[in-house]
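Trainee: What follows is a structure written as structure tokens; I'll ask about it next.
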2 protein chains.
Amino acid sequence: MGAVRGTFVDFVDDPWNHPGDETAAVRFVHDGLLVVDDGVIADFGPHDEVAARRPDAAQNATRIADRIILPGFVDGHAHVPQTRILGAYGEQLLPWLEKWVFPEERKYFEAEYARAGIGRFFDNLLASGTTTVQAFTTAKRVTTELLFKEAARRDVRIVTGITAIDRNAPEWAMTTPERFLADSEELIARFHGEGRASYAITPRFALGASPELLEACGRLRAEHPDLHVHTHISEHPDEIRGVLAMYPDCADYLQVYERFGLVGPRFTGGHGVWLSDSEFARLSRAGAAVTFCPCSNLYLGSGLFPLGRAKDPAHPVRLSLGSDIGGGNRFSMLHVLDEAYKVGMLRSAAATDPREAERGRLSWARAFYSATLGGAASLYLDDRVGGFDVGKEADFVVLDWREGPPGADWHASLLWDEPGTPDDLETVGELLFAIMMVGDDRAVAETWIAGERRYRRA
Amino acid sequence: MGAVRGTFVDFVDDPWNHPGDETAAVRFVHDGLLVVDDGVIADFGPHDEVAARRPDAAQNATRIADRIILPGFVDGHAHVPQTRILGAYGEQLLPWLEKWVFPEERKYFEAEYARAGIGRFFDNLLASGTTTVQAFTTAKRVTTELLFKEAARRDVRIVTGITAIDRNAPEWAMTTPERFLADSEELIARFHGEGRASYAITPRFALGASPELLEACGRLRAEHPDLHVHTHISEHPDEIRGVLAMYPDCADYLQVYERFGLVGPRFTGGHGVWLSDSEFARLSRAGAAVTFCPCSNLYLGSGLFPLGRAKDPAHPVRLSLGSDIGGGNRFSMLHVLDEAYKVGMLRSAAATDPREAERGRLSWARAFYSATLGGAASLYLDDRVGGFDVGKEADFVVLDWREGPPGADWHASLLWDEPGTPDDLETVGELLFAIMMVGDDRAVAETWIAGERRYRRA
């Protein structure tokens, strides 16, 4: 039993449901007490109320002053074996894959290198405040197994699984439907639902899988309906053209996944930059999710994600944010928010529908909701993580609005220049916006997982 | 007399002139010696050659190991009085101006606040490796005078001048043509050409100036043809519509400035996101410049600068890069390069002309050229700064490719994991690309101005 006292912000609803009054979706506890029992939140609320119920916990609480405490961040889409090659120069996709991606991913077939790389991956996540991640590994059991083990050791909540790929890649990088099924069944039995791990059926993307392999994925999902499905969708126009050439009887990209029975709750399509309204509507009805990866979409020139359309109340999709390491060039979810805001502004400026334009504006509440509870809900993990409700896992990130690049400190002092944290939500929101637009990973002072401090800024 | 020994990279030409062989535009001295006399480069070249000529200097040289030394960065467009409000939430332009920009700028009419703000501005520049800046102040003499004085004290090369604005702003923020002329003449006499300062005739933008005020600007330029002209152009479609409504007989935005005799050498238009090919061609013929401010253009949703068109050999414009503090949300020119690369990739992906697409790709050489010699040339200061030629001012930035956000170090180790600096330009280029895409201001280990170290990372 432990406890933390400080200023807490989390979300009780999607701020997009409250245009004009987004703070209705926010829970703000200026002087709060969060009590943890066996990694899970046992009590939470205003300090004095909780302390009256739990005097012992209050007595021994860790005091976190001058900081804003948020739920740990959820990174909805990342590639573990690309940890080292993030931000490599890619004049075109093919040379980039050949020069950087394939040679690096191959190293993860060796346990020793994979262990080192996976260690770096988690080091970077924790330094970025990320406590839940949905990630790609490789087509090999060894990488995936080591990833599950290291996630368990770090207590990071992970959604992952062997990559299903048997096309359009070097021979050694691929698997077969039979091997994929056998490897998956073994790892599902060993890791799915153990500790904080969930298994994801993970076809790399439609272009990388034969119909037989996608069928195998579908069979796996039918047998294990509680598994996740994690893949890519509609990242780049060339990719979409390739997919439709492979499946000329499919009207759009999503239909390929639908045909193989992959789209439903716990399905996440990475990117979705070029999804049509029909595809958004079908994803919405299916309870499926999309991950918005702005750093990657900008870095690779893929396009500008239509945030205002994705959040259309006529067909809202579950939405997470992703670093997409290493298509994205930064691990920090704060940096992802910076870029997501910019993409939203560009799309909003170009939108002809003013309501779509409004939905494309990533206020601080929408931003941090998406990086916490929204991301958790997209993974159907919002009963476990993403907020401070009693019964959830005690993951949180401690933010220091004064830290960041040159300029962050003085900017923050314009918003709040008193000791302690502001006691009004408007100012706290301004500080959080400053953290995402002027700050960076330096603002992450501490990262706690299941009630234990796992990272502290040097 | 002092000297620095280390690994130097600068540019001898525009890399866009050497497609397919950009390194022809690069000067790379793996073990170099740069000798400084009275702030100016007295000798430069391979260590052994220079040491033979200057044994004393070589003997006492400061050794900078494990670093890449580049010319100091040139920031072509920034607003000093917005130092504190960078990255403030702007759902729309008007509330943003009213809530943040105007109240903040007004504080710079008080000498004490202005002094503090200007000090912060330069602190941030130096921590970002920026040693030359073209900046806006306010419409008041006091701010501009203090800015010139502080730049002189810091030895930063500055191009600035009183803002000409008499429309579309609060009463107190404006000047009159008469006052503007009188104030300008006084400051020109006192500061232009003194030390490292140049005076810029600075109409805020066409929407903010009456025809009489633009006429006053033109008169000033006719009387002082060696002055700079610094303004905004074609940042946002609404702004362009407003300008053309004011000047219905002008075919485009540039024609307004042309009509008042403002466009020629040393003219810089900030942004230029929406310039037509005709405008690019006229700017090119006039020897005028444009500043590409990617952070700001993304942050405010202004649009994607057409880099591939701006560098069209049929009408190449002089181009600098700008932070546009505080429309831009970061001071670091490395961050500006990150965002510039992304804008270039997005435009290239959408370009129908493959040559335009190619020109839009911001390789490391194009990027750092633009932030150094290219920026200097856009200001007609390339005889003074931007490179390591003998006779230029000894401004340089010392870059450490291992520093940056979580992930930077391990990424860099993939490119270079030996002691010392690489002795091949390909690897050095990869490290520089890593610095701009994975690193950030933390990669700036030291900033030297006129041969003196003015900043060292803590």
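Chain labels run A, B, ... following the order of the structure tokens; each chain numbers its residues from 1, and ligands are numbered from 1 in the order shown.
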Could you write out, as an MDAnalysis selection string, all the residues of region 111-203 of chain B that DSSP marks as strand (DSSP E)?

Mentor: chainID B and resid 130:136 157:161 163:164 197:203

Trainee: Can you pull out every residue within 8 Å of Asp389 (chain B), counting only C-alpha atoms, but drop anything in the same chain fewer than 4 positions away, and send it as a VMD selection string?

Mentor: chain B and resid 41 43 to 44

Trainee: Would you output that residue set with all heavy atoms, as a PDB file, in the first residue's frame?

Mentor:
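Result written to selection03.pdb:
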```pdb
ATOM      1  N   ILE B  41      38.075  35.493 -39.290  1.00  0.00           N
ATOM      2  CA  ILE B  41      38.867  34.316 -39.654  1.00  0.00           C
ATOM      3  C   ILE B  41      40.116  34.760 -40.404  1.00  0.00           C
ATOM      4  O   ILE B  41      40.029  35.359 -41.487  1.00  0.00           O
ATOM      5  CB  ILE B  41      38.019  33.338 -40.498  1.00  0.00           C
ATOM      6  CG1 ILE B  41      36.811  32.858 -39.671  1.00  0.00           C
ATOM      7  CG2 ILE B  41      38.867  32.138 -40.961  1.00  0.00           C
ATOM      8  CD1 ILE B  41      35.787  32.066 -40.452  1.00  0.00           C
ATOM      9  N   ASP B  43      42.792  32.543 -40.908  1.00  0.00           N
ATOM     10  CA  ASP B  43      43.296  31.418 -41.690  1.00  0.00           C
ATOM     11  C   ASP B  43      42.398  30.226 -41.413  1.00  0.00           C
ATOM     12  O   ASP B  43      41.812  30.122 -40.331  1.00  0.00           O
ATOM     13  CB  ASP B  43      44.752  31.087 -41.303  1.00  0.00           C
ATOM     14  CG  ASP B  43      45.509  30.418 -42.450  1.00  0.00           C
ATOM     15  OD1 ASP B  43      44.858  29.902 -43.388  1.00  0.00           O
ATOM     16  OD2 ASP B  43      46.751  30.423 -42.404  1.00  0.00           O
ATOM     17  N   PHE B  44      42.287  29.333 -42.392  1.00  0.00           N
ATOM     18  CA  PHE B  44      41.450  28.147 -42.211  1.00  0.00           C
ATOM     19  C   PHE B  44      41.868  27.079 -43.205  1.00  0.00           C
ATOM     20  O   PHE B  44      42.176  27.386 -44.354  1.00  0.00           O
ATOM     21  CB  PHE B  44      39.973  28.484 -42.415  1.00  0.00           C
ATOM     22  CG  PHE B  44      39.093  27.268 -42.388  1.00  0.00           C
ATOM     23  CD1 PHE B  44      38.948  26.523 -41.219  1.00  0.00           C
ATOM     24  CD2 PHE B  44      38.438  26.827 -43.539  1.00  0.00           C
ATOM     25  CE1 PHE B  44      38.148  25.380 -41.195  1.00  0.00           C
ATOM     26  CE2 PHE B  44      37.642  25.686 -43.518  1.00  0.00           C
ATOM     27  CZ  PHE B  44      37.503  24.966 -42.341  1.00  0.00           C
TER      28      PHE B  44
END
```

Trainee: Near region 220-225 of chain A, within 8 Å and counting only C-alpha atoms, which residues show up once chain neighbours fewer than 3 positions away are dropped, as a PyMOL selection string?

Mentor: chain A and resi 181+201+216-217+229+261-262

Trainee: Which polymer residues have any atom within 8 Å of an atom of Phe180 (chain B), counting only C-alpha atoms, with same-chain residues fewer than 2 positions away left out, as a PyMOL selection string?

Mentor: chain B and resi 139+162+164+175-178+182-184+216

Trainee: So that I have them on file, write out the residues from the current selection with N, CA, C and O atoms, as a short mmCIF file (atom, residue, chain, number, x, y, z; two decimals), in the first residue's frame.

Mentor:
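Just written: again37.cif:
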```
data_model
loop_
_atom_site.label_atom_id
_atom_site.label_comp_id
_atom_site.auth_asym_id
_atom_site.auth_seq_id
_atom_site.Cartn_x
_atom_site.Cartn_y
_atom_site.Cartn_z
N ALA B 139 6.79 49.09 -32.95
CA ALA B 139 6.76 50.37 -33.66
C ALA B 139 7.44 51.48 -32.86
O ALA B 139 7.43 52.64 -33.27
N ILE B 162 12.68 49.62 -36.70
CA ILE B 162 11.36 49.94 -36.17
C ILE B 162 10.26 49.37 -37.07
O ILE B 162 10.36 49.45 -38.29
N ALA B 164 6.97 49.36 -39.07
CA ALA B 164 6.06 50.33 -39.68
C ALA B 164 4.67 49.73 -39.69
O ALA B 164 4.40 48.78 -40.41
N THR B 175 2.27 53.58 -35.41
CA THR B 175 3.05 54.79 -35.60
C THR B 175 2.38 55.58 -36.73
O THR B 175 1.28 55.26 -37.16
N THR B 176 3.03 56.65 -37.17
CA THR B 176 2.55 57.41 -38.33
C THR B 176 3.70 57.50 -39.32
O THR B 176 4.86 57.32 -38.93
N PRO B 177 3.40 57.78 -40.58
CA PRO B 177 4.49 57.90 -41.55
C PRO B 177 5.54 58.91 -41.10
O PRO B 177 6.75 58.65 -41.24
N GLU B 178 5.11 60.03 -40.53
CA GLU B 178 6.07 61.07 -40.13
C GLU B 178 6.96 60.57 -38.99
O GLU B 178 8.19 60.72 -39.01
N ALA B 182 11.05 59.83 -38.97
CA ALA B 182 11.95 60.53 -38.05
C ALA B 182 12.69 59.53 -37.15
O ALA B 182 13.92 59.60 -37.00
N ASP B 183 11.92 58.59 -36.57
CA ASP B 183 12.54 57.58 -35.70
C ASP B 183 13.57 56.76 -36.47
O ASP B 183 14.66 56.45 -35.97
N SER B 184 13.19 56.36 -37.68
CA SER B 184 14.08 55.51 -38.47
C SER B 184 15.37 56.25 -38.79
O SER B 184 16.47 55.69 -38.63
N ALA B 216 6.40 55.96 -47.35
CA ALA B 216 7.50 56.41 -46.48
C ALA B 216 8.61 55.36 -46.46
O ALA B 216 9.81 55.69 -46.51
#
```

Trainee: Using CA of Asp312 (chain B) and CA of Asp353 (chain B) as the two end points, give the distance in Å to one decimal.

Mentor: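 About the pair CA of Asp312 (chain B) and CA of Asp353 (chain B): they are 11.2 Å apart.
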
Trainee: Could you pull the residues within 8 Å of Ala88 (chain B), counting only C-alpha atoms, minus those fewer than 5 positions along the same chain, as a VMD selection string?

Mentor: (chain A and resid 433 to 434 437) or (chain B and resid 96 100)

Trainee: Those same residues - N, CA, C and O atoms - I'd like them written as a short mmCIF file (atom, residue, chain, number, x, y, z; two decimals), in the first residue's frame.

Mentor:
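The new file part_39.cif reads:
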```cif
data_model
loop_
_atom_site.label_atom_id
_atom_site.label_comp_id
_atom_site.auth_asym_id
_atom_site.auth_seq_id
_atom_site.Cartn_x
_atom_site.Cartn_y
_atom_site.Cartn_z
N PHE A 433 -0.90 22.79 -22.39
CA PHE A 433 -0.70 23.14 -23.80
C PHE A 433 0.74 23.60 -24.03
O PHE A 433 1.38 23.24 -25.03
N ALA A 434 1.26 24.39 -23.08
CA ALA A 434 2.67 24.83 -23.20
C ALA A 434 3.61 23.63 -23.21
O ALA A 434 4.58 23.59 -23.96
N MET A 437 3.52 22.11 -26.71
CA MET A 437 3.96 22.90 -27.86
C MET A 437 5.33 23.55 -27.65
O MET A 437 6.00 23.89 -28.62
N TRP B 96 -6.05 35.09 -30.46
CA TRP B 96 -4.63 34.88 -30.16
C TRP B 96 -3.90 36.22 -30.06
O TRP B 96 -3.17 36.48 -29.11
N TRP B 100 -2.77 37.25 -26.35
CA TRP B 100 -1.35 37.03 -26.09
C TRP B 100 -0.43 38.07 -26.72
O TRP B 100 0.42 38.65 -26.04
#
```

Trainee: Hey, can you check how far CA of Met1 (chain B) sits from CA of Val35 (chain B)?

Mentor: 7.2 Å

Trainee: Just the residues within 6 Å of region 402-412 of chain A, please, counting only C-alpha atoms, with nothing from its chain fewer than 2 positions along; format it as a list of chain:residue names.

Mentor: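 That gives A:Asp400, A:Leu414, A:Leu415, A:Val438, A:Gly439, A:Asp440, A:Arg442, A:Ala443, B:Arg84, B:Ile85, B:Asn124.
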
Trainee: Would you export the selected residues with N, CA, C and O atoms as a PDB file, in the first residue's frame, please?

Mentor:
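Final output, saved to selection-v2.pdb:
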```pdb
ATOM      1  N   ASP A 400       6.580  18.500 -15.589  1.00  0.00           N
ATOM      2  CA  ASP A 400       7.172  19.731 -15.079  1.00  0.00           C
ATOM      3  C   ASP A 400       7.134  20.767 -16.201  1.00  0.00           C
ATOM      4  O   ASP A 400       7.878  20.670 -17.167  1.00  0.00           O
ATOM      5  N   LEU A 414       4.869  33.075 -17.778  1.00  0.00           N
ATOM      6  CA  LEU A 414       3.812  34.023 -18.160  1.00  0.00           C
ATOM      7  C   LEU A 414       2.450  33.478 -17.741  1.00  0.00           C
ATOM      8  O   LEU A 414       1.527  34.228 -17.417  1.00  0.00           O
ATOM      9  N   LEU A 415       2.338  32.158 -17.767  1.00  0.00           N
ATOM     10  CA  LEU A 415       1.066  31.506 -17.456  1.00  0.00           C
ATOM     11  C   LEU A 415       0.896  31.303 -15.955  1.00  0.00           C
ATOM     12  O   LEU A 415      -0.188  31.409 -15.419  1.00  0.00           O
ATOM     13  N   VAL A 438       5.705  23.798 -26.411  1.00  0.00           N
ATOM     14  CA  VAL A 438       6.981  24.467 -26.152  1.00  0.00           C
ATOM     15  C   VAL A 438       7.929  23.527 -25.416  1.00  0.00           C
ATOM     16  O   VAL A 438       9.132  23.585 -25.603  1.00  0.00           O
ATOM     17  N   GLY A 439       7.370  22.657 -24.582  1.00  0.00           N
ATOM     18  CA  GLY A 439       8.194  21.678 -23.883  1.00  0.00           C
ATOM     19  C   GLY A 439       8.498  20.488 -24.773  1.00  0.00           C
ATOM     20  O   GLY A 439       8.200  20.486 -25.967  1.00  0.00           O
ATOM     21  N   ASP A 440       9.100  19.498 -24.172  1.00  0.00           N
ATOM     22  CA  ASP A 440       9.366  18.240 -24.871  1.00  0.00           C
ATOM     23  C   ASP A 440       9.598  17.174 -23.808  1.00  0.00           C
ATOM     24  O   ASP A 440       9.129  17.327 -22.675  1.00  0.00           O
ATOM     25  N   ARG A 442      11.802  16.597 -21.891  1.00  0.00           N
ATOM     26  CA  ARG A 442      12.388  17.112 -20.649  1.00  0.00           C
ATOM     27  C   ARG A 442      11.326  17.456 -19.619  1.00  0.00           C
ATOM     28  O   ARG A 442      11.618  17.568 -18.424  1.00  0.00           O
ATOM     29  N   ALA A 443      10.096  17.670 -20.083  1.00  0.00           N
ATOM     30  CA  ALA A 443       9.011  17.962 -19.144  1.00  0.00           C
ATOM     31  C   ALA A 443       8.578  16.726 -18.355  1.00  0.00           C
ATOM     32  O   ALA A 443       7.859  16.847 -17.372  1.00  0.00           O
TER      33      ALA A 443
ATOM     34  N   ARG B  84       8.251  35.410 -25.254  1.00  0.00           N
ATOM     35  CA  ARG B  84       7.619  34.742 -24.113  1.00  0.00           C
ATOM     36  C   ARG B  84       6.323  34.024 -24.473  1.00  0.00           C
ATOM     37  O   ARG B  84       5.829  33.207 -23.702  1.00  0.00           O
ATOM     38  N   ILE B  85       5.751  34.370 -25.626  1.00  0.00           N
ATOM     39  CA  ILE B  85       4.427  33.809 -25.943  1.00  0.00           C
ATOM     40  C   ILE B  85       4.496  32.764 -27.049  1.00  0.00           C
ATOM     41  O   ILE B  85       3.477  32.387 -27.621  1.00  0.00           O
ATOM     42  N   ASN B 124      18.184  32.504 -25.733  1.00  0.00           N
ATOM     43  CA  ASN B 124      17.594  31.393 -26.486  1.00  0.00           C
ATOM     44  C   ASN B 124      18.273  31.202 -27.838  1.00  0.00           C
ATOM     45  O   ASN B 124      18.492  30.075 -28.285  1.00  0.00           O
TER      46      ASN B 124
END
```

Trainee: Please return as a list in words: the residues of region 39-72 of chain A that backbone DSSP assigns to alpha helix (DSSP H).

Mentor: His47, Asp48, Glu49, Val50, Ala51, Ala52, Arg53, Pro55, Asp56, Ala57, Ala58 and Gln59 of chain A

Trainee: Give me, as a ChimeraX atom specification, all polymer residues having an atom no more than 8 Å from Ala286 (chain B), counting only C-alpha atoms and skipping those fewer than 6 positions away in the same chain.

Mentor: /B:263-265

Trainee: Can you measure CA of Asp395 (chain A) to CA of Thr131 (chain A) for me? One decimal in Å is fine.

Mentor: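 According to the coordinates, CA of Asp395 (chain A) and CA of Thr131 (chain A) are separated by 6.6 Å.
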
Trainee: Under the rule that only C-alpha atoms are counted, which of A:Ala24, A:Leu33, A:Ala78, A:Val290 is the nearest residue to Leu379 (chain A)?

Mentor: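 Of all the options, A:Val290 lies closest to Leu379 (chain A).
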